[in-house]
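K.L.:
The structure is given below, and queries will be raised subsequently.
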Amino acid sequence: MKHLKLSLILIIIIICLSCKDNNPVQENDYFKAKVIGTSVDCKTIYIIEFVDTTLLPDYIKNPKFGMYPEFWALNLPDSLKIRDLNIKIKCRELIEGEAPPCTFIGPTYRFIFINSAKRDE
């Protein structure tokens with residue numbers, strides 16, 4: 001019985017150590033995006049479109065719904081709310097309850113929270 005427990009623990013450790021992230025994203029990575037404008041539903045929240053999608057984390061690449069690679073960008077600085085502006089952003093998924101109410105009359109976008117953003121020059 002002791003050998004069985006040790007074997008199970010060893011197998012679990014091996015499985016955990018062998019898992020690799022195929023898309024390692026660093027916390028300080030900036031992602032290239034373009035400001036699209038506002039939508040019918042949430043007129044004060046701007047839509048961004050990710051330009052280079054190769055290094056995006058899975059929560060962005062595989063959205064549960066919405067028009068990938070376009071997202072509603074919460075916390076986008078006012079100075080960057082310019083249509084067709086190329087930007088670089090650091091972002092994260094929304095925490096539950098963070099999304100503002102929208103009507104969802106028009107196209108549906110997923111929300112993303114902007115931690116920091118700057119012009120892409």
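FYI, nothing fancy with the structure tokens labels: chains A, B, ... in order, residues from 1 per chain, ligands from 1 as they appear.
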Fewer than 4 positions away in the same chain doesn't count, so skip those; otherwise give me all residues within 12 Å of Glu70 of chain A, counting only C-alpha atoms, as an MDAnalysis selection string.
P.N.:
chainID A and resid 33:39 46:53 60:63 65:66 107:112
K.L.:
Give me a file of those residues, with C-alpha atoms, as a PDB file, in the first residue's frame.
P.N.:
ATOM      1  CA  ALA A  33      -3.590  46.866 -30.957  1.00  0.00           C
ATOM      2  CA  LYS A  34      -5.529  49.435 -32.943  1.00  0.00           C
ATOM      3  CA  VAL A  35      -8.299  51.669 -31.618  1.00  0.00           C
ATOM      4  CA  ILE A  36     -11.445  51.017 -33.658  1.00  0.00           C
ATOM      5  CA  GLY A  37     -13.968  53.395 -32.070  1.00  0.00           C
ATOM      6  CA  THR A  38     -17.128  52.954 -30.022  1.00  0.00           C
ATOM      7  CA  SER A  39     -20.084  50.643 -30.526  1.00  0.00           C
ATOM      8  CA  TYR A  46     -13.785  52.052 -26.981  1.00  0.00           C
ATOM      9  CA  ILE A  47     -13.195  48.944 -29.070  1.00  0.00           C
ATOM     10  CA  ILE A  48      -9.663  47.794 -29.774  1.00  0.00           C
ATOM     11  CA  GLU A  49      -8.461  45.186 -32.228  1.00  0.00           C
ATOM     12  CA  PHE A  50      -5.333  43.157 -31.547  1.00  0.00           C
ATOM     13  CA  VAL A  51      -3.004  43.490 -34.521  1.00  0.00           C
ATOM     14  CA  ASP A  52      -0.310  40.908 -33.809  1.00  0.00           C
ATOM     15  CA  THR A  53      -2.141  37.868 -32.444  1.00  0.00           C
ATOM     16  CA  ILE A  60      -7.557  36.502 -25.459  1.00  0.00           C
ATOM     17  CA  LYS A  61      -7.059  34.025 -28.302  1.00  0.00           C
ATOM     18  CA  ASN A  62      -9.929  31.788 -27.215  1.00  0.00           C
ATOM     19  CA  PRO A  63     -12.721  34.080 -26.048  1.00  0.00           C
ATOM     20  CA  PHE A  65     -17.935  34.825 -27.023  1.00  0.00           C
ATOM     21  CA  GLY A  66     -17.471  37.989 -29.005  1.00  0.00           C
ATOM     22  CA  PRO A 107     -22.159  43.212 -32.394  1.00  0.00           C
ATOM     23  CA  THR A 108     -20.961  41.627 -29.176  1.00  0.00           C
ATOM     24  CA  TYR A 109     -17.427  42.174 -27.962  1.00  0.00           C
ATOM     25  CA  ARG A 110     -15.668  40.729 -24.988  1.00  0.00           C
ATOM     26  CA  PHE A 111     -14.261  43.076 -22.346  1.00  0.00           C
ATOM     27  CA  ILE A 112     -10.590  43.377 -21.530  1.00  0.00           C
TER      28      ILE A 112
END
K.L.:
Skip segment 88-96 of chain A itself and residues of its chain fewer than 3 positions away, then list as a CSV table (one decimal) with N, CA and C atoms, in the first residue's frame all residues within 9 Å of it, counting only C-alpha atoms.
P.N.:
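Below is the file around-v3.csv, written as the result:
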chain,number,residue,atom,x,y,z
A,27,GLU,N,4.4,39.0,-17.8
A,27,GLU,CA,3.5,40.0,-17.2
A,27,GLU,C,3.8,41.4,-17.8
A,28,ASN,N,5.0,41.7,-18.2
A,28,ASN,CA,5.3,43.0,-18.7
A,28,ASN,C,5.3,43.1,-20.2
A,29,ASP,N,4.7,42.1,-20.9
A,29,ASP,CA,4.6,42.2,-22.3
A,29,ASP,C,3.5,43.2,-22.8
A,30,TYR,N,3.9,43.9,-23.8
A,30,TYR,CA,2.9,44.8,-24.4
A,30,TYR,C,2.4,44.1,-25.7
A,31,PHE,N,1.1,44.3,-26.0
A,31,PHE,CA,0.5,43.7,-27.2
A,31,PHE,C,0.1,44.8,-28.1
A,32,LYS,N,0.3,44.7,-29.4
A,32,LYS,CA,0.0,45.7,-30.4
A,32,LYS,C,-1.5,45.6,-30.7
A,33,ALA,N,-2.2,46.8,-30.7
A,33,ALA,CA,-3.6,46.9,-31.0
A,33,ALA,C,-3.9,48.1,-31.7
A,34,LYS,N,-5.1,48.2,-32.2
A,34,LYS,CA,-5.5,49.4,-32.9
A,34,LYS,C,-6.9,49.9,-32.4
A,59,TYR,N,-6.5,33.4,-22.9
A,59,TYR,CA,-7.8,34.0,-22.6
A,59,TYR,C,-8.2,35.1,-23.6
A,60,ILE,N,-7.2,35.6,-24.4
A,60,ILE,CA,-7.6,36.5,-25.5
A,60,ILE,C,-7.8,35.7,-26.8
A,74,LEU,N,-11.8,48.4,-21.4
A,74,LEU,CA,-12.0,49.1,-20.2
A,74,LEU,C,-10.7,49.8,-19.7
A,99,ALA,N,-17.4,44.3,-15.4
A,99,ALA,CA,-18.0,44.7,-16.7
A,99,ALA,C,-19.2,45.6,-16.5
A,111,PHE,N,-15.0,42.0,-23.0
A,111,PHE,CA,-14.3,43.1,-22.3
A,111,PHE,C,-12.8,42.6,-22.0
A,112,ILE,N,-12.0,43.6,-22.0
A,112,ILE,CA,-10.6,43.4,-21.5
A,112,ILE,C,-10.2,44.6,-20.7
A,113,PHE,N,-9.5,44.4,-19.6
A,113,PHE,CA,-9.1,45.5,-18.8
A,113,PHE,C,-7.7,46.0,-19.1
A,114,ILE,N,-7.5,47.2,-19.4
A,114,ILE,CA,-6.2,47.8,-19.8
A,114,ILE,C,-5.4,48.2,-18.5
A,115,ASN,N,-4.3,47.5,-18.3
A,115,ASN,CA,-3.5,47.9,-17.1
A,115,ASN,C,-2.6,49.2,-17.4
A,116,SER,N,-2.1,49.2,-18.7
A,116,SER,CA,-1.4,50.4,-19.1
A,116,SER,C,-1.3,50.4,-20.6
A,117,ALA,N,-1.2,51.5,-21.2
A,117,ALA,CA,-1.2,51.7,-22.7
A,117,ALA,C,-0.4,52.9,-23.1
A,118,LYS,N,0.1,52.8,-24.3
A,118,LYS,CA,0.9,53.9,-24.9
A,118,LYS,C,0.8,53.8,-26.4
A,119,ARG,N,1.2,54.9,-27.0
A,119,ARG,CA,1.2,55.0,-28.5
A,119,ARG,C,2.2,54.0,-29.0
A,120,ASP,N,1.9,53.4,-30.1
A,120,ASP,CA,2.9,52.5,-30.8
A,120,ASP,C,3.6,53.3,-31.9
K.L.:
Expressed in Å to a single decimal, how great is the separation between atom CA of Ile87 of chain A and atom CA of Glu121 of chain A?
P.N.:
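Pair atom CA of Ile87 of chain A / atom CA of Glu121 of chain A returns 8.1 Å.
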K.L.:
What's the separation between atom CA of Val40 of chain A and atom CA of Phe104 of chain A, in Å to one decimal place?
P.N.:
8.3 Å
K.L.:
Taking the chain letters and numbering used in this document, name the residues of chain A that DSSP puts in strand (DSSP E), as JSON, numbers by chain.
P.N.:
{"A": [31, 32, 33, 34, 35, 36, 37, 38, 46, 47, 48, 49, 50, 70, 71, 72, 73, 74, 86, 87, 88, 89, 90, 91, 92, 110, 111, 112, 113, 114, 115, 116, 117, 118, 119]}
K.L.:
Output N, CA and C atoms of each residue in that selection to a file, as a short mmCIF file (atom, residue, chain, number, x, y, z; two decimals), in the first residue's frame.
P.N.:
data_model
loop_
_atom_site.label_atom_id
_atom_site.label_comp_id
_atom_site.auth_asym_id
_atom_site.auth_seq_id
_atom_site.Cartn_x
_atom_site.Cartn_y
_atom_site.Cartn_z
N PHE A 31 1.11 44.30 -25.97
CA PHE A 31 0.50 43.72 -27.16
C PHE A 31 0.06 44.85 -28.08
N LYS A 32 0.31 44.66 -29.38
CA LYS A 32 -0.04 45.68 -30.36
C LYS A 32 -1.53 45.61 -30.66
N ALA A 33 -2.16 46.77 -30.68
CA ALA A 33 -3.59 46.87 -30.96
C ALA A 33 -3.87 48.15 -31.72
N LYS A 34 -5.08 48.25 -32.22
CA LYS A 34 -5.53 49.44 -32.94
C LYS A 34 -6.87 49.86 -32.36
N VAL A 35 -7.03 51.14 -32.13
CA VAL A 35 -8.30 51.67 -31.62
C VAL A 35 -9.29 51.73 -32.78
N ILE A 36 -10.44 51.09 -32.60
CA ILE A 36 -11.44 51.02 -33.66
C ILE A 36 -12.48 52.14 -33.52
N GLY A 37 -12.93 52.40 -32.31
CA GLY A 37 -13.97 53.39 -32.07
C GLY A 37 -14.92 52.87 -31.02
N THR A 38 -16.13 53.41 -30.99
CA THR A 38 -17.13 52.95 -30.02
C THR A 38 -18.15 52.09 -30.74
N TYR A 46 -14.35 52.22 -25.65
CA TYR A 46 -13.79 52.05 -26.98
C TYR A 46 -13.47 50.59 -27.29
N ILE A 47 -13.51 50.29 -28.58
CA ILE A 47 -13.20 48.94 -29.07
C ILE A 47 -11.76 48.98 -29.59
N ILE A 48 -11.01 47.95 -29.22
CA ILE A 48 -9.66 47.79 -29.77
C ILE A 48 -9.61 46.48 -30.54
N GLU A 49 -8.69 46.42 -31.48
CA GLU A 49 -8.46 45.19 -32.23
C GLU A 49 -6.99 44.83 -32.09
N PHE A 50 -6.71 43.60 -31.65
CA PHE A 50 -5.33 43.16 -31.55
C PHE A 50 -4.78 42.96 -32.95
N GLU A 70 -11.35 41.58 -31.67
CA GLU A 70 -11.82 42.89 -31.21
C GLU A 70 -12.41 42.77 -29.80
N PHE A 71 -12.12 43.75 -28.95
CA PHE A 71 -12.56 43.74 -27.56
C PHE A 71 -12.98 45.14 -27.14
N TRP A 72 -13.90 45.22 -26.18
CA TRP A 72 -14.17 46.47 -25.50
C TRP A 72 -13.02 46.68 -24.54
N ALA A 73 -12.41 47.83 -24.54
CA ALA A 73 -11.23 48.10 -23.71
C ALA A 73 -11.60 48.98 -22.53
N LEU A 74 -11.76 48.37 -21.37
CA LEU A 74 -12.01 49.13 -20.15
C LEU A 74 -10.71 49.76 -19.68
N ASN A 86 -2.69 53.38 -33.49
CA ASN A 86 -1.97 52.16 -33.13
C ASN A 86 -1.41 52.33 -31.72
N ILE A 87 -1.67 51.35 -30.87
CA ILE A 87 -1.25 51.42 -29.47
C ILE A 87 -0.59 50.11 -29.05
N LYS A 88 0.06 50.16 -27.90
CA LYS A 88 0.58 48.97 -27.24
C LYS A 88 -0.06 48.94 -25.86
N ILE A 89 -0.52 47.75 -25.46
CA ILE A 89 -1.23 47.67 -24.19
C ILE A 89 -0.73 46.49 -23.36
N LYS A 90 -0.84 46.66 -22.05
CA LYS A 90 -0.74 45.57 -21.10
C LYS A 90 -2.16 45.38 -20.60
N CYS A 91 -2.63 44.15 -20.55
CA CYS A 91 -4.03 43.94 -20.21
C CYS A 91 -4.22 42.68 -19.38
N ARG A 92 -5.44 42.50 -18.90
CA ARG A 92 -5.82 41.32 -18.15
C ARG A 92 -7.29 41.03 -18.38
N ARG A 110 -16.05 41.13 -26.33
CA ARG A 110 -15.67 40.73 -24.99
C ARG A 110 -14.90 41.88 -24.36
N PHE A 111 -14.98 42.02 -23.05
CA PHE A 111 -14.26 43.08 -22.35
C PHE A 111 -12.85 42.63 -22.01
N ILE A 112 -11.95 43.59 -21.99
CA ILE A 112 -10.59 43.38 -21.53
C ILE A 112 -10.21 44.61 -20.72
N PHE A 113 -9.47 44.42 -19.64
CA PHE A 113 -9.08 45.53 -18.79
C PHE A 113 -7.66 45.96 -19.15
N ILE A 114 -7.48 47.24 -19.44
CA ILE A 114 -6.18 47.78 -19.81
C ILE A 114 -5.43 48.19 -18.53
N ASN A 115 -4.31 47.54 -18.27
CA ASN A 115 -3.46 47.92 -17.13
C ASN A 115 -2.63 49.15 -17.45
N SER A 116 -2.07 49.18 -18.66
CA SER A 116 -1.35 50.36 -19.11
C SER A 116 -1.34 50.36 -20.63
N ALA A 117 -1.21 51.54 -21.20
CA ALA A 117 -1.24 51.68 -22.65
C ALA A 117 -0.37 52.86 -23.07
N LYS A 118 0.14 52.75 -24.30
CA LYS A 118 0.93 53.85 -24.86
C LYS A 118 0.81 53.80 -26.38
N ARG A 119 1.16 54.91 -27.01
CA ARG A 119 1.15 54.96 -28.48
C ARG A 119 2.21 54.00 -29.01
#
K.L.:
Can you work out the spacing between atom CA of Asp78 of chain A and atom CA of Pro100 of chain A in Å, to one decimal?
P.N.:
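Between these atoms lies a distance of 17.5 Å.
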